[in-house]
Amino acid sequence: MSSHAIDVTAIEQARFDERLRADRKIEAQDWMPPAYRRTLIRQISQHAHSEIVGMLPEGNWVTRAPSLKRKAILLAKIQDEAGHGLYLYSAAETLGSSREEMVDALHAGRARYSSIFNYPTPTWADIGAIGWLVDGAAIMNQVPLCRCSYGPYARAMIRICKEESFHQRQGFDIMLSLCRGTPEQKAMAQAALERWWWPVLMMFGPSDAESSHSAQSMQWGIKRISNDDLRQKFIDATVPQIELLGLRLPDPLLVWNADRGHYDHGPIDWDEFRRVLDGHGPCNRERLATRVAAHDNGAWVREAALAHAAKRNSTAKSA
Amino acid sequence: MGEPVVRAPAFHVEYILRLGDSSLILAQRLAQWCGHGPMLEEDIAMTNVSLDLVGQARLLLSHAGALEGLGRSEDDLAYQRDEPEFRNWTMVELPNGTGPHDDYAVSIARNLMVSALSVPLWQALCESSDKHLGAIAAKSVKEARAHLRHAAEWMIRFGDGTAVSHARAQSALDHLWPYANEWWDTDTLEREAVQAGLGPSLASLRSTWSESIDAVLAQATLKRPTDSPFVSTGKLGLHSEHMGYLLAQMQSLARRHPGASW
Amino acid sequence: MNAHLPDKTPPMPLWEVFVRSKQGLDHKHCGSLHAADAQMALRMARDVYTRRMEGVSIWVVPSGAITASQPEEQSVDFDPMADKIYRHPTFYELPDAVRHM
């Protein structure tokens, strides 16, 4: 490598650092450190995969939704999620990745997605819990990302956050109906809350002290708030909602601490988190198998579309 | 106290149930593709069609319930009726594949056939003596046109795509074709509906339907299947064996909690 | 668990999407999608980027067809892809469908 090339890199790095310091956006054509690019591709594609896999636990109830209104709302929600996945794949592609590469990595088990979607939805109340708690937690994570240093990602997040707030409201609305309904419906809601509570808290990730990625991501303007802070924010916002629903708190140690000005909570089972992340959660294998099957079974459709387009083009050429 | 409930004649209610139930059951079949489509963009498109059809079903079933005058809501009709009371055409209750696996060609071919009928049908219904039905039609015809465009484009891609897609498309068409005969088989109910100015008989739309279909098949290089004497009877409440399973799945939760609100 | 074989289907071309909303005066870039041809791209753009709007105008452009200005501060760059909107892998070798448009 010539000394000229090294000088250029130093100049670009300085420009990049200055941009971050001034809180200005990095765009697709701008020089960026290879590690910044890699981290973003990983994070954005993981986020995209999560949206797509996230369609499955909810899709599980679309054919059994107990009213036509709920059916319509659920269909629209799942459709939104597919759209969000698309926006995010789109943002990741601006960094030099391709949809094929990313999807391939997912299907081969090399890419991650949010561990929360590896849990089953055995009852209708789980659909309410997902909207209320999972989307609620996702919103907490996502709003700060609207200020992410990378332009295409920030813009995708703004678009997503607008739609996400509907989803949380719809989930809470389902829970409200259940809690005001028959004793069986209320029991269904209680059981769902207890099933989802801890996995949702794990969505925020382990304490940042244990994560090597966090510090660097903070520096790069990719991460704005710590995992623990986000988790605490979520708990503080959600406990009053649980009480409003008239449900029992899922954690006996969830108690308001006047000194801290926050809710205390019980210990999180990080072993479970690691197990699920490593592929041993209740639904990991099934979720992946479903996505692989959809992709493989759809190959003939994609091939037909490409073949048809090619035929059209050669006709146009010879015309 | 209050005005006496004016009940519409049975044929009026049933005419609308045929439309509402067909929209509902087709929406149900299309919803099965959620998360399982051949590419992300198509997942969104197919779910869009399903969503439109659920919307149409809700409007039609609500209206039918109001006309019936027995206090049945759209959900009462969708979730509490038994199989013999459903008036959808048999074609829409068939699975999304011809064998054990779902096949996108079957769903596309079915959407093509149904929407090619729906467009002229909704157009005609805009002039219905039932003003409420006319309003539903005005909204639905736009959606039906979009569904037809989507299905036609894909049918053409399949027919004039690869050998595999061509074979699947032809096979799907051959499989579904006989179920269209149910539309052309005008019965007393339709004759009464025509007389009352409610709407057209489906048979009167046949030539328009044929023209649309033939235009697509020509571009798709697909062969128009030969006609057969088979006639399905879903609109009379006599369904195929698939209907029972479909309803069992669709209605199970609602029925498990009678009287509950969701 | 079955071994996963990489997808051998050729990649679907990438398209950039521009939408002018009912009230807007200009087409705004909203993102990208994959489609086999322009008609498919347009239909998908309508479904994905305008799901809740009516009366919009949509443009789809093959991503590789767009030539971009270089960022002003950028020092001289011998990268042949410098005038592309971003470094998508397919820009290096335009798929047939894009090349012939």
# chains A, B, ... in the order shown; residues from 1 in each chain; ligands from 1
call {"tool": "interface_residues", "arguments": {"of": "chain B", "to": "chain A", "cutoff": "7 Å", "atoms": "only C-alpha atoms", "output": "PyMOL selection string"}}
result
chain B and resi 28+31-32+34-40+44+47+51+54+58+75+157-158+160-162+165+249-254+260-262
call {"tool": "interface_residues", "arguments": {"of": "chain C", "to": "chain A", "cutoff": "6 Å", "atoms": "only C-alpha atoms", "output": "list of chain:residue names"}}
result
C:His4, C:Ser32, C:Ala36, C:Asp37, C:Val48, C:Tyr86, C:Arg87, C:His88, C:Pro89
call {"tool": "write_last_selection", "arguments": {"atoms": "C-alpha atoms", "output": "compact mmCIF listing (two decimals), in the first residue's frame"}}
result
# COMPACT_ATOMS: atom_id res chain seq x y z
CA HIS C 4 -29.00 -25.64 3.41
CA SER C 32 -35.61 -0.01 -3.26
CA ALA C 36 -37.92 -9.10 -12.57
CA ASP C 37 -39.09 -6.25 -14.80
CA VAL C 48 -44.98 -1.71 -0.58
CA TYR C 86 -24.13 2.82 -3.66
CA ARG C 87 -21.99 -0.26 -3.93
CA HIS C 88 -24.57 -2.92 -4.53
CA PRO C 89 -22.85 -6.12 -5.67
call {"tool": "interface_residues", "arguments": {"of": "chain C", "to": "chain B", "cutoff": "10 Å", "atoms": "only C-alpha atoms", "output": "MDAnalysis selection string"}}
result
chainID C and resid 33:35 39:41 43:48 51
call {"tool": "write_last_selection", "arguments": {"atoms": "all heavy atoms", "output": "compact mmCIF listing (two decimals), in the first residue's frame"}}
result
# COMPACT_ATOMS: atom_id res chain seq x y z
N LEU C 33 -36.48 -2.07 -4.16
CA LEU C 33 -37.06 -3.41 -4.10
C LEU C 33 -36.53 -4.25 -5.25
O LEU C 33 -35.87 -3.72 -6.15
CB LEU C 33 -38.60 -3.34 -4.14
CG LEU C 33 -39.27 -2.50 -5.21
CD1 LEU C 33 -39.26 -3.16 -6.57
CD2 LEU C 33 -40.74 -2.26 -4.85
N HIS C 34 -36.80 -5.54 -5.17
CA HIS C 34 -36.34 -6.45 -6.22
C HIS C 34 -37.51 -6.89 -7.07
O HIS C 34 -38.56 -7.29 -6.54
CB HIS C 34 -35.68 -7.67 -5.58
CG HIS C 34 -34.36 -7.37 -4.94
ND1 HIS C 34 -33.17 -7.57 -5.59
CD2 HIS C 34 -34.05 -6.86 -3.73
CE1 HIS C 34 -32.18 -7.20 -4.79
NE2 HIS C 34 -32.68 -6.77 -3.67
N ALA C 35 -37.37 -6.83 -8.38
CA ALA C 35 -38.42 -7.28 -9.29
C ALA C 35 -37.77 -7.71 -10.59
O ALA C 35 -36.66 -7.28 -10.92
CB ALA C 35 -39.42 -6.15 -9.55
N GLN C 39 -42.66 -3.60 -14.98
CA GLN C 39 -44.08 -3.72 -14.63
C GLN C 39 -44.24 -4.30 -13.23
O GLN C 39 -45.04 -3.83 -12.43
CB GLN C 39 -44.76 -4.63 -15.66
CG GLN C 39 -46.26 -4.64 -15.58
CD GLN C 39 -46.84 -5.70 -16.51
OE1 GLN C 39 -46.41 -6.84 -16.52
NE2 GLN C 39 -47.82 -5.32 -17.30
N MET C 40 -43.44 -5.33 -12.96
CA MET C 40 -43.48 -5.98 -11.64
C MET C 40 -43.00 -4.98 -10.58
O MET C 40 -43.57 -4.89 -9.50
CB MET C 40 -42.56 -7.20 -11.69
CG MET C 40 -42.68 -8.17 -10.55
SD MET C 40 -41.69 -9.64 -10.95
CE MET C 40 -41.49 -10.37 -9.36
N ALA C 41 -41.94 -4.24 -10.92
CA ALA C 41 -41.39 -3.27 -9.97
C ALA C 41 -42.43 -2.22 -9.61
O ALA C 41 -42.59 -1.86 -8.45
CB ALA C 41 -40.15 -2.61 -10.56
N ARG C 43 -45.74 -2.47 -9.79
CA ARG C 43 -46.83 -3.06 -9.03
C ARG C 43 -46.40 -3.27 -7.58
O ARG C 43 -47.13 -2.95 -6.64
CB ARG C 43 -47.24 -4.41 -9.65
CG ARG C 43 -48.24 -5.14 -8.83
CD ARG C 43 -49.53 -5.55 -9.55
NE ARG C 43 -49.66 -5.10 -10.90
CZ ARG C 43 -50.28 -3.98 -11.24
NH1 ARG C 43 -50.82 -3.20 -10.33
NH2 ARG C 43 -50.35 -3.62 -12.50
N MET C 44 -45.17 -3.75 -7.40
CA MET C 44 -44.68 -4.00 -6.05
C MET C 44 -44.46 -2.70 -5.30
O MET C 44 -44.75 -2.60 -4.11
CB MET C 44 -43.41 -4.84 -6.11
CG MET C 44 -43.74 -6.25 -6.52
SD MET C 44 -42.30 -7.27 -6.67
CE MET C 44 -43.08 -8.89 -6.76
N ALA C 45 -43.98 -1.68 -6.02
CA ALA C 45 -43.76 -0.39 -5.38
C ALA C 45 -45.09 0.15 -4.87
O ALA C 45 -45.17 0.71 -3.77
CB ALA C 45 -43.13 0.60 -6.36
N ARG C 46 -46.13 -0.06 -5.63
CA ARG C 46 -47.46 0.40 -5.22
C ARG C 46 -47.89 -0.31 -3.93
O ARG C 46 -48.39 0.30 -3.00
CB ARG C 46 -48.48 0.14 -6.33
CG ARG C 46 -49.83 0.82 -6.10
CD ARG C 46 -50.71 0.73 -7.35
NE ARG C 46 -50.16 1.47 -8.47
CZ ARG C 46 -50.21 2.80 -8.61
NH1 ARG C 46 -50.79 3.52 -7.68
NH2 ARG C 46 -49.68 3.38 -9.66
N ASP C 47 -47.64 -1.60 -3.89
CA ASP C 47 -48.03 -2.39 -2.72
C ASP C 47 -47.19 -2.05 -1.50
O ASP C 47 -47.68 -1.96 -0.39
CB ASP C 47 -47.87 -3.89 -2.99
CG ASP C 47 -49.06 -4.47 -3.72
OD1 ASP C 47 -50.16 -3.93 -3.58
OD2 ASP C 47 -48.88 -5.48 -4.44
N VAL C 48 -45.90 -1.87 -1.70
CA VAL C 48 -44.98 -1.71 -0.58
C VAL C 48 -44.88 -0.27 -0.08
O VAL C 48 -44.92 -0.03 1.11
CB VAL C 48 -43.56 -2.19 -0.95
CG1 VAL C 48 -42.59 -1.91 0.18
CG2 VAL C 48 -43.59 -3.67 -1.28
N ARG C 51 -48.98 1.83 0.41
CA ARG C 51 -50.07 0.97 0.85
C ARG C 51 -51.27 1.72 1.40
O ARG C 51 -52.37 1.21 1.42
CB ARG C 51 -49.56 -0.01 1.91
CG ARG C 51 -49.00 -1.28 1.31
CD ARG C 51 -48.31 -2.16 2.33
NE ARG C 51 -47.15 -1.53 2.90
CZ ARG C 51 -46.86 -1.57 4.21
NH1 ARG C 51 -47.66 -2.19 5.04
NH2 ARG C 51 -45.78 -0.98 4.65
call {"tool": "atom_distance", "arguments": {"atom1": "atom CA of A:His49", "atom2": "atom CA of A:Arg110"}}
result
11.7 Å
call {"tool": "residues_around", "arguments": {"residues": "A:Ala191", "least_positions_apart": "4", "cutoff": "9 Å", "atoms": "only C-alpha atoms", "output": "list in words"}}
result
Ala125, Asp126, Lys186, Ala187, Arg195 and Trp196 of chain A
call {"tool": "closest_residue", "arguments": {"among": "A:Trp220, A:Arg112, A:Pro144, A:Ala137", "to": "A:Ala22", "atoms": "only C-alpha atoms"}}
result
A:Trp220
call {"tool": "residues_around", "arguments": {"residues": "stretch 79-96 of chain B", "least_positions_apart": "4", "cutoff": "8 Å", "atoms": "only C-alpha atoms", "output": "number ranges by chain"}}
result
A: 66-67; B: 14, 17-23, 25-26, 29-30, 75, 101-104, 106-107, 110, 176, 179-180, 182-183, 232-240, 242-244, 246-247, 250-251, 254-255
call {"tool": "select_by_dssp", "arguments": {"residues": "stretch 80-219 of chain B", "states": "alpha helix (DSSP H)", "output": "PyMOL selection string"}}
result
chain B and resi 80+90-93+104-125+131-159+163-176+181-184+188-195+206-219
call {"tool": "closest_residue", "arguments": {"among": "C:Asp26, C:Thr9, C:Thr50, C:Leu14", "to": "C:Phe91", "atoms": "only C-alpha atoms"}}
result
C:Leu14
call {"tool": "residues_around", "arguments": {"residues": "B:Leu189", "least_positions_apart": "3", "cutoff": "12 Å", "atoms": "only C-alpha atoms", "output": "number ranges by chain"}}
result
B: 9-18, 87, 185-186, 192-196, 198-202, 235-236
call {"tool": "write_last_selection", "arguments": {"atoms": "N, CA, C and O atoms", "output": "compact mmCIF listing (two decimals), in the first residue's frame"}}
result
# COMPACT_ATOMS: atom_id res chain seq x y z
N PRO B 9 -86.95 -10.09 1.66
CA PRO B 9 -87.27 -11.46 1.23
C PRO B 9 -86.03 -12.34 1.27
O PRO B 9 -84.90 -11.85 1.09
N ALA B 10 -86.22 -13.62 1.50
CA ALA B 10 -85.12 -14.56 1.66
C ALA B 10 -84.16 -14.54 0.48
O ALA B 10 -82.94 -14.62 0.66
N PHE B 11 -84.70 -14.41 -0.74
CA PHE B 11 -83.81 -14.47 -1.91
C PHE B 11 -82.84 -13.28 -1.91
O PHE B 11 -81.70 -13.38 -2.36
N HIS B 12 -83.30 -12.16 -1.39
CA HIS B 12 -82.47 -10.96 -1.33
C HIS B 12 -81.27 -11.21 -0.41
O HIS B 12 -80.11 -10.93 -0.76
N VAL B 13 -81.59 -11.74 0.77
CA VAL B 13 -80.53 -12.02 1.74
C VAL B 13 -79.54 -13.03 1.17
O VAL B 13 -78.33 -12.85 1.24
N GLU B 14 -80.09 -14.08 0.58
CA GLU B 14 -79.22 -15.14 0.06
C GLU B 14 -78.36 -14.68 -1.10
O GLU B 14 -77.21 -15.11 -1.24
N TYR B 15 -78.91 -13.83 -1.93
CA TYR B 15 -78.13 -13.31 -3.06
C TYR B 15 -76.88 -12.62 -2.54
O TYR B 15 -75.78 -12.80 -3.07
N ILE B 16 -77.05 -11.86 -1.46
CA ILE B 16 -75.92 -11.15 -0.87
C ILE B 16 -74.98 -12.11 -0.13
O ILE B 16 -73.75 -11.94 -0.16
N LEU B 17 -75.56 -13.12 0.50
CA LEU B 17 -74.71 -14.09 1.20
C LEU B 17 -73.78 -14.83 0.23
O LEU B 17 -72.64 -15.13 0.56
N ARG B 18 -74.28 -15.09 -0.96
CA ARG B 18 -73.42 -15.75 -1.96
C ARG B 18 -72.17 -14.90 -2.20
O ARG B 18 -71.06 -15.42 -2.29
N ARG B 87 -73.00 -19.92 1.68
CA ARG B 87 -73.44 -19.83 0.29
C ARG B 87 -72.32 -19.50 -0.69
O ARG B 87 -72.58 -19.03 -1.80
N ASP B 185 -74.67 -21.72 -14.02
CA ASP B 185 -75.86 -22.52 -13.77
C ASP B 185 -76.90 -21.67 -13.03
O ASP B 185 -76.97 -21.69 -11.80
N THR B 186 -77.69 -20.89 -13.80
CA THR B 186 -78.65 -19.96 -13.18
C THR B 186 -79.76 -20.72 -12.48
O THR B 186 -80.36 -21.62 -13.05
N GLU B 192 -85.02 -14.62 -9.48
CA GLU B 192 -85.79 -13.69 -8.63
C GLU B 192 -85.00 -12.41 -8.42
O GLU B 192 -85.56 -11.30 -8.41
N ALA B 193 -83.69 -12.55 -8.22
CA ALA B 193 -82.84 -11.38 -7.99
C ALA B 193 -82.83 -10.47 -9.21
O ALA B 193 -82.91 -9.24 -9.10
N VAL B 194 -82.74 -11.09 -10.38
CA VAL B 194 -82.76 -10.31 -11.62
C VAL B 194 -84.08 -9.56 -11.75
O VAL B 194 -84.11 -8.36 -12.04
N GLN B 195 -85.17 -10.29 -11.48
CA GLN B 195 -86.49 -9.66 -11.58
C GLN B 195 -86.65 -8.48 -10.65
O GLN B 195 -87.29 -7.48 -10.98
N ALA B 196 -86.06 -8.59 -9.46
CA ALA B 196 -86.19 -7.52 -8.46
C ALA B 196 -85.21 -6.38 -8.73
O ALA B 196 -85.16 -5.40 -7.99
N LEU B 198 -82.08 -6.54 -8.37
CA LEU B 198 -81.00 -6.58 -7.39
C LEU B 198 -79.64 -6.63 -8.07
O LEU B 198 -78.69 -5.99 -7.63
N GLY B 199 -79.57 -7.45 -9.10
CA GLY B 199 -78.30 -7.63 -9.78
C GLY B 199 -78.43 -8.60 -10.92
O GLY B 199 -79.51 -9.15 -11.14
N PRO B 200 -77.35 -8.78 -11.64
CA PRO B 200 -77.40 -9.65 -12.82
C PRO B 200 -77.30 -11.12 -12.43
O PRO B 200 -76.90 -11.46 -11.31
N SER B 201 -77.64 -11.99 -13.38
CA SER B 201 -77.32 -13.39 -13.19
C SER B 201 -75.86 -13.52 -13.60
O SER B 201 -75.39 -12.77 -14.48
N LEU B 202 -75.15 -14.43 -13.01
CA LEU B 202 -73.73 -14.59 -13.36
C LEU B 202 -73.60 -15.05 -14.81
O LEU B 202 -72.67 -14.68 -15.51
N LYS B 235 -72.97 -22.80 -3.65
CA LYS B 235 -73.92 -21.70 -3.45
C LYS B 235 -75.25 -22.18 -2.88
O LYS B 235 -76.05 -21.39 -2.39
N LEU B 236 -75.49 -23.49 -2.94
CA LEU B 236 -76.71 -24.07 -2.38
C LEU B 236 -76.47 -24.61 -0.97
O LEU B 236 -77.36 -25.17 -0.35
call {"tool": "atom_distance", "arguments": {"atom1": "atom CA of A:Asn118", "atom2": "atom CA of A:Leu230"}}
result
21.6 Å
call {"tool": "atom_distance", "arguments": {"atom1": "atom CA of A:Ile127", "atom2": "atom CA of A:Trp197"}}
result
13.5 Å
call {"tool": "residues_around", "arguments": {"residues": "stretch 113-116 of chain A", "least_positions_apart": "5", "cutoff": "9 Å", "atoms": "only C-alpha atoms", "output": "PyMOL selection string"}}
result
chain A and resi 45-51+53-54+106+134+196+199-200+202-203+273+276-277+279+281+284
call {"tool": "residues_around", "arguments": {"residues": "A:His265", "least_positions_apart": "5", "cutoff": "8 Å", "atoms": "only C-alpha atoms", "output": "NGL selection string"}}
result
:A and (251 or 253-255)
call {"tool": "write_last_selection", "arguments": {"atoms": "N, CA, C and O atoms", "output": "PDB file, in the first residue's frame"}}
result
ATOM      1  N   ASP A 251     -43.932 -10.724  37.911  1.00  0.00           N
ATOM      2  CA  ASP A 251     -42.684 -10.858  38.666  1.00  0.00           C
ATOM      3  C   ASP A 251     -42.941 -10.323  40.080  1.00  0.00           C
ATOM      4  O   ASP A 251     -43.267  -9.147  40.244  1.00  0.00           O
ATOM      5  N   LEU A 253     -41.005  -9.486  42.263  1.00  0.00           N
ATOM      6  CA  LEU A 253     -40.028  -8.477  42.666  1.00  0.00           C
ATOM      7  C   LEU A 253     -40.190  -7.151  41.919  1.00  0.00           C
ATOM      8  O   LEU A 253     -39.362  -6.244  42.055  1.00  0.00           O
ATOM      9  N   LEU A 254     -41.252  -7.052  41.126  1.00  0.00           N
ATOM     10  CA  LEU A 254     -41.533  -5.793  40.426  1.00  0.00           C
ATOM     11  C   LEU A 254     -42.133  -4.818  41.435  1.00  0.00           C
ATOM     12  O   LEU A 254     -43.336  -4.832  41.701  1.00  0.00           O
ATOM     13  N   VAL A 255     -41.261  -3.980  41.990  1.00  0.00           N
ATOM     14  CA  VAL A 255     -41.715  -3.072  43.043  1.00  0.00           C
ATOM     15  C   VAL A 255     -41.143  -1.696  42.791  1.00  0.00           C
ATOM     16  O   VAL A 255     -39.977  -1.559  42.400  1.00  0.00           O
TER      17      VAL A 255
END
